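K.L.:
I'm passing along coords-v9.txt; it holds compact mmCIF, C-alpha atoms.
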```
# COMPACT_ATOMS: atom_id res chain seq x y z
CA MET A 1352 15.78 -15.08 -119.73
CA PRO A 1353 14.75 -18.51 -118.50
CA ILE A 1354 14.75 -17.02 -114.98
CA ALA A 1355 12.58 -14.11 -116.07
CA GLU A 1356 10.12 -16.45 -117.73
CA LEU A 1357 10.10 -18.61 -114.62
CA LEU A 1358 9.22 -15.65 -112.40
CA GLU A 1359 6.53 -14.52 -114.82
CA ASN A 1360 4.94 -17.98 -114.81
CA ILE A 1361 5.03 -18.05 -110.99
CA GLY A 1362 3.28 -14.67 -110.82
CA LYS A 1363 0.57 -15.72 -113.26
CA ARG A 1364 0.01 -18.90 -111.31
CA THR A 1365 -0.33 -16.98 -108.02
CA ILE A 1366 -2.89 -14.60 -109.48
CA GLU A 1367 -4.95 -17.50 -110.82
CA VAL A 1368 -4.94 -19.23 -107.42
CA ILE A 1369 -6.13 -16.04 -105.68
CA ARG A 1370 -8.92 -15.54 -108.20
CA LYS A 1371 -10.08 -19.12 -107.78
CA SER A 1372 -10.11 -18.72 -103.97
CA VAL A 1373 -12.19 -15.55 -104.22
CA ARG A 1374 -14.65 -17.23 -106.58
CA ARG A 1375 -15.07 -20.15 -104.14
CA ILE A 1376 -16.34 -17.84 -101.31
CA PRO A 1377 -20.16 -17.61 -101.61
CA ARG A 1378 -21.66 -14.15 -101.89
CA ARG A 1379 -24.06 -14.86 -99.03
CA LYS A 1380 -21.20 -15.54 -96.62
CA VAL A 1381 -19.57 -12.27 -97.57
CA GLU A 1382 -22.81 -10.39 -96.87
CA ASP A 1383 -23.20 -12.18 -93.54
CA ARG A 1384 -19.71 -11.22 -92.52
CA ILE A 1385 -20.28 -7.62 -93.51
CA ARG A 1386 -23.51 -7.57 -91.51
CA LYS A 1387 -21.79 -9.07 -88.47
CA VAL A 1388 -19.03 -6.48 -88.67
CA ALA A 1389 -21.68 -3.74 -88.79
CA GLU A 1390 -23.44 -5.23 -85.75
CA VAL A 1391 -20.18 -5.36 -83.85
CA GLN A 1392 -19.59 -1.71 -84.69
CA LYS A 1393 -23.11 -0.77 -83.46
CA GLU A 1394 -22.84 -2.81 -80.27
CA PRO A 1395 -20.79 -0.26 -78.27
CA PHE A 1396 -23.42 2.42 -78.99
CA GLU A 1397 -26.21 0.10 -77.85
CA LEU A 1398 -24.25 -0.67 -74.69
CA GLU A 1399 -23.82 3.06 -74.04
CA GLU A 1400 -27.57 3.62 -74.37
CA HIS A 1401 -28.23 0.73 -71.99
CA GLU A 1402 -25.76 2.14 -69.49
CA LYS A 1403 -27.47 5.55 -69.69
CA VAL A 1404 -30.85 3.98 -68.92
CA VAL A 1405 -29.39 2.03 -65.99
CA GLU A 1406 -27.72 5.19 -64.69
CA LYS A 1407 -31.03 7.11 -64.83
CA ILE A 1408 -32.79 4.31 -62.95
CA LEU A 1409 -30.06 4.32 -60.28
CA GLU A 1410 -30.30 8.11 -59.98
CA TRP A 1411 -34.09 7.94 -59.52
CA ARG A 1412 -33.56 5.25 -56.91
CA ARG A 1413 -31.00 7.35 -55.05
CA GLU A 1414 -33.37 10.34 -55.06
CA ASP A 1415 -36.18 8.14 -53.74
CA ILE A 1416 -33.94 6.81 -50.95
CA ARG A 1417 -32.95 10.35 -49.97
CA LYS A 1418 -36.61 11.24 -49.39
CA PRO A 1419 -37.77 11.16 -45.75
CA LEU A 1420 -39.70 8.10 -44.65
CA SER A 1421 -42.83 10.19 -44.09
CA LYS A 1422 -42.65 11.54 -47.68
CA ARG A 1423 -42.29 8.03 -49.11
CA LEU A 1424 -45.18 6.84 -46.98
CA GLU A 1425 -47.34 9.70 -48.25
CA ASP A 1426 -46.43 8.88 -51.85
CA ALA A 1427 -47.29 5.21 -51.32
CA LEU A 1428 -50.69 5.99 -49.80
CA LEU A 1429 -51.49 8.46 -52.58
CA LYS A 1430 -50.49 5.87 -55.16
CA TYR A 1431 -52.64 3.02 -53.86
CA PHE A 1432 -55.53 4.91 -52.20
CA LYS A 1433 -55.75 8.05 -54.34
CA GLY A 1434 -59.50 7.73 -55.00
CA PRO A 1435 -60.70 7.43 -51.36
CA LEU A 1436 -58.20 10.03 -50.16
CA THR A 1437 -59.27 12.51 -52.84
CA SER A 1438 -62.92 12.01 -51.91
CA LEU A 1439 -62.05 12.48 -48.24
CA ALA A 1440 -60.15 15.68 -49.04
CA LYS A 1441 -63.12 17.08 -50.95
CA SER A 1442 -65.34 16.52 -47.91
CA PHE A 1443 -63.29 18.98 -45.83
CA LYS A 1444 -64.57 22.38 -46.86
CA GLY A 1445 -62.17 25.25 -46.29
CA LEU A 1446 -59.11 23.08 -45.65
CA ASP A 1447 -57.17 24.51 -48.59
CA GLN A 1448 -57.90 28.04 -47.34
CA ASP A 1449 -56.73 27.12 -43.83
CA LEU A 1450 -53.51 25.72 -45.26
CA PHE A 1451 -52.99 28.89 -47.31
CA ARG A 1452 -53.45 31.15 -44.28
CA ALA A 1453 -51.18 28.99 -42.13
CA GLY A 1454 -48.39 29.10 -44.71
CA ILE A 1455 -48.49 25.30 -45.20
CA TYR A 1456 -47.99 25.05 -48.94
CA VAL A 1457 -48.94 21.44 -49.64
CA PRO A 1458 -51.84 20.05 -51.72
CA LYS A 1459 -55.00 19.31 -49.80
CA GLU A 1460 -54.87 15.62 -50.71
CA ARG A 1461 -51.34 15.25 -49.35
CA TYR A 1462 -52.29 16.98 -46.12
CA VAL A 1463 -55.22 14.57 -45.71
CA VAL A 1464 -52.69 11.74 -46.02
CA ARG A 1465 -50.76 13.32 -43.15
CA MET A 1466 -53.96 13.48 -41.13
CA VAL A 1467 -54.50 9.76 -41.66
CA ILE A 1468 -50.88 8.90 -40.77
CA VAL A 1469 -50.93 10.96 -37.56
CA GLY A 1470 -54.30 9.48 -36.62
CA PHE A 1471 -53.02 5.95 -37.18
CA LEU A 1472 -49.85 6.57 -35.14
CA SER A 1473 -51.75 8.14 -32.24
CA GLY A 1474 -54.36 5.35 -32.32
CA PHE A 1475 -51.70 2.62 -32.41
CA THR A 1476 -49.81 4.26 -29.52
CA ALA A 1477 -52.99 4.54 -27.44
CA PHE A 1478 -53.85 0.89 -28.16
CA VAL A 1479 -50.36 -0.33 -27.15
CA VAL A 1480 -50.35 1.71 -23.92
CA ALA A 1481 -53.82 0.46 -22.97
CA TYR A 1482 -52.85 -3.14 -23.76
CA ILE A 1483 -49.65 -2.86 -21.71
CA MET A 1484 -51.74 -1.63 -18.78
CA SER A 1485 -53.53 -5.02 -18.88
CA MET A 1486 -56.80 -3.63 -20.19
CA PRO A 1487 -59.11 -5.99 -22.11
CA PHE A 1488 -58.57 -6.17 -25.84
CA THR A 1489 -61.95 -4.60 -26.60
CA THR A 1490 -61.26 -1.67 -24.27
CA SER A 1491 -57.77 -1.26 -25.72
CA PHE A 1492 -59.24 -1.24 -29.23
CA LEU A 1493 -61.79 1.42 -28.29
CA ILE A 1494 -59.06 3.55 -26.71
CA GLY A 1495 -56.98 3.12 -29.87
CA LEU A 1496 -59.98 4.17 -31.98
CA LEU A 1497 -60.42 7.27 -29.84
CA GLY A 1498 -56.70 7.96 -30.24
CA PHE A 1499 -57.05 7.72 -34.03
CA ILE A 1500 -60.00 10.12 -34.04
CA GLY A 1501 -58.17 12.53 -31.73
CA GLY A 1502 -55.00 12.57 -33.83
CA PHE A 1503 -56.97 12.89 -37.07
CA TRP A 1504 -59.01 15.89 -35.91
CA TYR A 1505 -56.00 17.46 -34.24
CA MET A 1506 -54.32 17.58 -37.65
CA ARG A 1507 -57.52 18.96 -39.17
CA TYR A 1508 -57.50 21.99 -36.85
CA TYR A 1509 -53.71 22.32 -36.70
CA PRO A 1510 -53.60 24.81 -39.64
CA LYS A 1511 -56.09 27.06 -37.85
CA ALA A 1512 -53.94 27.01 -34.71
CA VAL A 1513 -50.85 27.86 -36.78
CA TRP A 1514 -52.73 30.66 -38.53
CA LYS A 1515 -53.89 32.19 -35.23
CA ARG A 1516 -50.36 32.03 -33.85
CA ARG A 1517 -48.97 33.71 -36.95
CA VAL A 1518 -51.62 36.44 -36.76
CA SER A 1519 -50.79 37.14 -33.10
CA GLU A 1520 -47.07 37.37 -33.92
CA VAL A 1521 -47.77 39.70 -36.83
CA GLU A 1522 -49.94 41.96 -34.68
CA ARG A 1523 -47.26 42.04 -31.99
CA ALA A 1524 -44.55 43.14 -34.45
CA LEU A 1525 -46.80 45.49 -36.42
CA PRO A 1526 -46.19 48.72 -34.41
CA TYR A 1527 -42.40 48.37 -34.74
CA ALA A 1528 -42.63 47.60 -38.46
CA LEU A 1529 -44.97 50.56 -39.04
CA ARG A 1530 -42.48 52.91 -37.36
CA HIS A 1531 -39.77 51.41 -39.56
CA MET A 1532 -41.89 51.99 -42.67
CA ALA A 1533 -42.78 55.55 -41.60
CA ALA A 1534 -39.10 56.42 -41.12
CA LEU A 1535 -38.16 55.09 -44.57
CA LEU A 1536 -41.08 56.81 -46.28
CA SER A 1537 -40.29 60.13 -44.63
CA ALA A 1538 -36.72 59.75 -45.95
CA GLY A 1539 -38.06 59.64 -49.51
CA ILE A 1540 -37.89 55.88 -50.11
CA GLY A 1541 -40.71 54.36 -52.14
CA ILE A 1542 -43.37 52.08 -50.68
CA GLU A 1543 -42.19 49.01 -52.59
CA GLU A 1544 -38.58 49.47 -51.45
CA THR A 1545 -39.94 49.88 -47.92
CA ILE A 1546 -41.73 46.53 -48.20
CA VAL A 1547 -38.43 44.92 -49.30
CA SER A 1548 -36.66 46.47 -46.32
CA ILE A 1549 -39.23 45.04 -43.89
CA ALA A 1550 -38.91 41.63 -45.56
CA ARG A 1551 -35.13 41.69 -45.01
CA SER A 1552 -35.46 42.83 -41.38
CA ASP A 1553 -35.96 40.67 -38.30
CA TYR A 1554 -39.68 40.99 -37.56
CA GLY A 1555 -40.38 37.26 -37.45
CA VAL A 1556 -43.56 36.13 -39.18
CA LEU A 1557 -44.24 39.68 -40.42
CA SER A 1558 -40.95 39.66 -42.34
CA GLU A 1559 -41.90 36.26 -43.79
CA GLU A 1560 -45.24 37.63 -44.97
CA PHE A 1561 -43.62 40.69 -46.50
CA GLY A 1562 -41.12 38.36 -48.20
CA ILE A 1563 -44.07 36.51 -49.75
CA MET A 1564 -45.39 39.84 -50.99
CA VAL A 1565 -42.00 40.67 -52.55
CA ARG A 1566 -41.85 37.30 -54.35
CA GLU A 1567 -45.39 37.78 -55.66
CA MET A 1568 -44.54 41.24 -57.00
CA ARG A 1569 -41.41 39.89 -58.70
CA THR A 1570 -43.51 37.24 -60.45
CA GLY A 1571 -45.87 39.82 -61.96
CA THR A 1572 -48.44 40.48 -59.21
CA SER A 1573 -49.26 44.14 -58.68
CA PHE A 1574 -48.48 45.82 -55.37
CA GLU A 1575 -52.17 46.31 -54.59
CA ASP A 1576 -52.99 42.66 -55.24
CA ALA A 1577 -50.06 41.52 -53.10
CA LEU A 1578 -51.30 43.70 -50.23
CA GLN A 1579 -54.82 42.32 -50.54
CA ARG A 1580 -53.52 38.74 -50.54
CA PHE A 1581 -51.58 39.55 -47.37
CA GLU A 1582 -54.79 40.87 -45.82
CA GLU A 1583 -56.64 37.72 -46.92
CA ARG A 1584 -54.03 35.47 -45.32
CA MET A 1585 -54.11 37.29 -42.00
CA ARG A 1586 -57.79 38.24 -41.65
CA SER A 1587 -56.86 40.56 -38.79
CA ASP A 1588 -58.56 43.83 -37.96
CA LYS A 1589 -55.22 45.58 -37.45
CA VAL A 1590 -53.75 44.27 -40.69
CA SER A 1591 -56.93 45.18 -42.58
CA LYS A 1592 -56.79 48.69 -41.18
CA VAL A 1593 -53.16 49.13 -42.28
CA VAL A 1594 -53.76 47.71 -45.76
CA LYS A 1595 -56.83 49.88 -46.36
CA GLN A 1596 -54.98 53.02 -45.27
CA ILE A 1597 -52.05 52.25 -47.60
CA LEU A 1598 -54.36 51.57 -50.54
CA ARG A 1599 -56.39 54.71 -49.82
CA VAL A 1600 -53.26 56.88 -49.77
CA LEU A 1601 -51.95 55.30 -52.98
CA LYS A 1602 -55.29 55.99 -54.68
CA PHE A 1603 -56.20 59.45 -53.37
CA GLY A 1604 -52.86 60.74 -52.06
CA GLY A 1605 -51.71 61.82 -48.62
CA ASN A 1606 -48.79 61.65 -46.21
CA LEU A 1607 -48.43 57.91 -45.71
CA SER A 1608 -45.50 58.16 -43.28
CA GLU A 1609 -47.52 60.25 -40.80
CA ILE A 1610 -50.51 57.91 -41.10
CA LEU A 1611 -48.40 54.82 -40.44
CA TYR A 1612 -46.66 56.45 -37.50
CA LYS A 1613 -50.02 57.45 -36.00
CA MET A 1614 -51.33 53.91 -36.43
CA ALA A 1615 -48.22 52.51 -34.76
CA GLU A 1616 -48.82 54.77 -31.76
CA ASP A 1617 -52.47 53.72 -31.57
CA PHE A 1618 -51.58 50.02 -31.67
CA SER A 1619 -48.91 50.50 -28.98
CA PHE A 1620 -51.36 52.34 -26.71
CA GLU A 1621 -53.96 49.63 -27.21
CA TYR A 1622 -51.38 46.97 -26.34
CA ARG A 1623 -50.36 48.81 -23.17
CA MET A 1624 -53.97 49.01 -22.02
CA LYS A 1625 -54.43 45.28 -22.63
CA LEU A 1626 -51.23 44.63 -20.72
CA VAL A 1627 -52.58 46.54 -17.69
CA GLU A 1628 -55.78 44.47 -17.76
CA TYR A 1629 -53.74 41.30 -18.09
CA VAL A 1630 -51.63 42.14 -15.02
CA GLN A 1631 -54.78 42.72 -13.00
CA LYS A 1632 -56.19 39.34 -14.06
CA VAL A 1633 -52.93 37.56 -13.25
CA ASN A 1634 -52.90 39.10 -9.77
CA GLY A 1635 -56.33 37.59 -9.13
CA ILE A 1636 -55.48 34.20 -10.60
CA SER A 1637 -52.12 33.95 -8.81
CA PHE A 1638 -53.82 33.39 -5.44
CA ILE A 1639 -55.93 30.57 -6.90
CA TYR A 1640 -52.82 29.01 -8.48
CA LEU A 1641 -50.91 29.23 -5.18
CA PHE A 1642 -53.82 27.66 -3.31
CA ILE A 1643 -54.16 24.72 -5.73
CA THR A 1644 -50.45 23.98 -6.17
CA ILE A 1645 -49.23 24.35 -2.56
CA ILE A 1646 -52.02 24.68 -0.02
CA MET A 1647 -54.44 22.04 -1.35
CA PRO A 1648 -51.84 19.22 -1.67
CA THR A 1649 -50.57 19.99 1.83
CA MET A 1650 -54.10 19.97 3.27
CA PHE A 1651 -54.82 16.74 1.39
CA VAL A 1652 -51.79 14.97 2.88
CA VAL A 1653 -52.55 16.29 6.38
CA ALA A 1654 -56.17 15.12 6.12
CA ILE A 1655 -55.08 11.64 4.98
CA LEU A 1656 -52.58 11.35 7.85
CA ALA A 1657 -55.06 12.60 10.46
CA GLY A 1658 -57.81 10.28 9.27
CA SER A 1659 -55.43 7.33 9.16
CA LEU A 1660 -54.21 7.99 12.70
CA MET A 1661 -57.74 8.23 14.05
CA SER A 1662 -58.93 5.06 12.31
CA LYS A 1663 -55.57 3.30 12.81
CA ARG A 1664 -55.47 2.35 9.15
CA LEU A 1665 -54.83 4.04 5.84
CA ILE A 1666 -58.17 5.56 4.84
CA LEU A 1667 -57.23 5.93 1.16
CA ASP A 1668 -55.49 3.56 -1.17
CA VAL A 1669 -51.85 4.31 -1.95
CA ARG A 1670 -52.56 4.32 -5.68
CA MET A 1671 -55.28 6.90 -5.26
CA ILE A 1672 -52.99 9.11 -3.18
CA ALA A 1673 -50.29 8.84 -5.86
CA ILE A 1674 -52.77 9.69 -8.62
CA MET A 1675 -54.00 12.74 -6.73
CA LEU A 1676 -50.52 14.05 -5.92
CA LEU A 1677 -48.77 13.18 -9.20
CA LEU A 1678 -51.59 13.67 -11.71
CA ALA A 1679 -54.64 15.51 -10.43
CA PHE A 1680 -53.06 18.56 -8.77
CA PRO A 1681 -50.34 19.02 -11.48
CA SER A 1682 -53.03 18.76 -14.17
CA ILE A 1683 -55.09 21.49 -12.53
CA SER A 1684 -51.94 23.63 -12.29
CA LEU A 1685 -51.20 23.15 -15.99
CA ILE A 1686 -54.77 24.13 -16.86
CA ILE A 1687 -54.42 27.36 -14.88
CA ILE A 1688 -51.04 28.11 -16.51
CA ASN A 1689 -52.60 27.55 -19.92
CA MET A 1690 -55.43 29.92 -19.09
CA ILE A 1691 -52.93 32.57 -18.00
CA LYS A 1692 -50.92 32.08 -21.19
CA LYS A 1693 -53.97 32.37 -23.42
CA ALA A 1694 -55.06 35.56 -21.65
CA GLU A 1695 -51.70 37.19 -22.45
CA PRO A 1696 -52.24 40.20 -24.74
CA ARG A 1697 -51.00 39.84 -28.29
```
Take the structure in this file and express it as structure tokens.
P.N.:
Amino acid sequence: MPIAELLENIGKRTIEVIRKSVRRIPRRKVEDRIRKVAEVQKEPFELEEHEKVVEKILEWRREDIRKPLSKRLEDALLKYFKGPLTSLAKSFKGLDQDLFRAGIYVPKERYVVRMVIVGFLSGFTAFVVAYIMSMPFTTSFLIGLLGFIGGFWYMRYYPKAVWKRRVSEVERALPYALRHMAALLSAGIGIEETIVSIARSDYGVLSEEFGIMVREMRTGTSFEDALQRFEERMRSDKVSKVVKQILRVLKFGGNLSEILYKMAEDFSFEYRMKLVEYVQKVNGISFIYLFITIIMPTMFVVAILAGSLMSKRLILDVRMIAIMLLLAFPSISLIIINMIKKAEPR
């Protein structure tokens, strides 16, 4: 029993010591410790959120780096000079319509930025070339200014040049596409399925335009509106004639396959007649081209040699002779070739 009492006294003493120790700990310290434990538990979540933000920033940075230099330069100019560039874009009437017809689907303000960049690059190149050729600084600056103006206005009329080229390619492929459409329609295929077939075929720009029509119809545009938008983009007499005939048949009825086949034959005959006229013009121009590219340089060299022998000295400076033989005559030849190319029937 003394042992049992001894153990009981030891247990009571231990419990009293523990209770005294607990009482000695201030309540404020306990609350602080609990709060710190809670903060430690929240800290991993806060770190995860911070890591997510950092990861998003790095992803945006990687996307920005992957952009072409020209795109980043455009964004920078639009960011810092948006007001003047927007005012400049508004001053160009019809630019957005030219971009639409050329198939250049960029905002007008961004295209004006491209105009400025191309103008600056062409002006800087002209200035450097003039300065390297030992021209005075003022002359070099004026040449650079002319280069800037030339590059700027070249970009202004570039959409019109692209639009005219696209129209000529569409008109060239139109007879073949009309025969294709007539064959499908005569086989009982609907007009919309025929448009899809032309879009999937290899008719160049015409297939691209028909693909635009298909995408517009799939986004809710009616077939008639898609055809009229195609006519608006092209602004071609042949395209307008085809579109009006299709719309007339859809509204009043008729054999569309026979009409399209007849139009294809008419366009082909018209092209053949233009080709005959073109061959006749080329036959007349070919003699002029031969005279300028072969006969005139030969006569020029012979005249220089004969005059030099008679006067016992070179009658013309070597630089002038080089300019005439390497620049003047080839330039005239290129002009004639360009005229022949432009006269080619479309």
K.L.:
I'd like to know which of A:Val1463, A:Ala1512, A:Leu1611, A:Ile1666 is closest to Ser1537 in chain A, using only C-alpha atoms.
P.N.:
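The answer is A:Leu1611, which sits nearest to Ser1537 in chain A.
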K.L.:
So which one's closest to Ala1453 in chain A, A:Leu1598, A:Leu1429, A:Val1518, A:Ile1468? Using only C-alpha atoms, please.
P.N.:
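Closest to Ala1453 in chain A of all the choices is A:Val1518.
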K.L.:
Kindly give the distance, in Å, that separates CA of Met1484 in chain A and CA of Gly1501 in chain A, rounded to a single decimal.
P.N.:
20.2 Å
K.L.:
How big is the axis-aligned box, and where does its centre sit, when it encloses all atoms of range 1615-1630 of chain A listed in the file and has 8 Å added on every side, reported in Å to one decimal as JSON?
P.N.:
```
{"center_x": -52.0, "center_y": 48.0, "center_z": -24.9, "size_x": 23.6, "size_y": 29.5, "size_z": 35.7}
```
K.L.:
Compile the contact shell of range 1552-1567 of chain A as a PyMOL selection string: residues with an atom at most 12 Å away, counting all atoms listed in the file, same-chain residues fewer than 2 positions apart removed.
P.N.:
chain A and resi 1451-1454+1513-1529+1531-1532+1542-1550+1569-1585+1590
K.L.:
Env of range 1497-1500 of chain A: 6 Å cut, atoms = all atoms listed in the file, seq-sep filter 2 positions within chain, self excluded. Answer as a list in words.
P.N.:
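Contacts, with the query itself left out: Gly1470, Phe1471, Ser1473, Gly1474, Ala1477, Ile1494, Gly1495, Gly1502 and Phe1503 of chain A.
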K.L.:
Only C-alpha atoms, please: the residues just picked out, written as a PDB file, in the frame of the given file.
P.N.:
```
ATOM      1  CA  GLY A1470     -54.300   9.480 -36.620  1.00  0.00           C
ATOM      2  CA  PHE A1471     -53.020   5.950 -37.180  1.00  0.00           C
ATOM      3  CA  SER A1473     -51.750   8.140 -32.240  1.00  0.00           C
ATOM      4  CA  GLY A1474     -54.360   5.350 -32.320  1.00  0.00           C
ATOM      5  CA  ALA A1477     -52.990   4.540 -27.440  1.00  0.00           C
ATOM      6  CA  ILE A1494     -59.060   3.550 -26.710  1.00  0.00           C
ATOM      7  CA  GLY A1495     -56.980   3.120 -29.870  1.00  0.00           C
ATOM      8  CA  GLY A1502     -55.000  12.570 -33.830  1.00  0.00           C
ATOM      9  CA  PHE A1503     -56.970  12.890 -37.070  1.00  0.00           C
TER      10      PHE A1503
END
```
K.L.:
Do you know which residues are at most 6 Å from Ala1533 in chain A counting only C-alpha atoms, after dropping those on the same chain fewer than 3 positions away, and could you put them as an NGL selection string?
P.N.:
:A and (1530 or 1536 or 1608 or 1611-1612)
K.L.:
What does the file look like for those residues with C-alpha atoms, as a PDB file, in the coordinates of the input?
P.N.:
```
ATOM      1  CA  ARG A1530     -42.480  52.910 -37.360  1.00  0.00           C
ATOM      2  CA  LEU A1536     -41.080  56.810 -46.280  1.00  0.00           C
ATOM      3  CA  SER A1608     -45.500  58.160 -43.280  1.00  0.00           C
ATOM      4  CA  LEU A1611     -48.400  54.820 -40.440  1.00  0.00           C
ATOM      5  CA  TYR A1612     -46.660  56.450 -37.500  1.00  0.00           C
TER       6      TYR A1612
END
```
K.L.:
Could you tell me which of A:Leu1428, A:Met1506, A:Leu1607, A:Ile1639 comes closest to Ile1691 in chain A if we count all atoms listed in the file?
P.N.:
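Looking at the shortest contact to Ile1691 in chain A, the residue is A:Ile1639.
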K.L.:
Please report the interatomic distance between CA of Gln1448 in chain A and CA of Pro1510 in chain A in Å with one decimal.
P.N.:
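Calculated distance between CA of Gln1448 in chain A and CA of Pro1510 in chain A is 9.4 Å.
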K.L.:
Could you tell me how far CA of Phe1651 in chain A lies from CA of Ile1636 in chain A, in Å and to one decimal?
P.N.:
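Here the two named atoms are 21.2 Å from each other.
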K.L.:
When distances are computed from only C-alpha atoms, which of A:Lys1433, A:Arg1670, A:Arg1507, A:Lys1589 shows the smallest separation from Tyr1462 in chain A?
P.N.:
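Comparing A:Lys1433, A:Arg1670, A:Arg1507, A:Lys1589 against Tyr1462 in chain A, the winner is A:Arg1507.
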K.L.:
Find the residue from A:Leu1626, A:Ile1672, A:Leu1446, A:Ala1427 that sits nearest to Val1653 in chain A; use only C-alpha atoms when measuring.
P.N.:
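Under the stated criterion, the closest residue is A:Ile1672.
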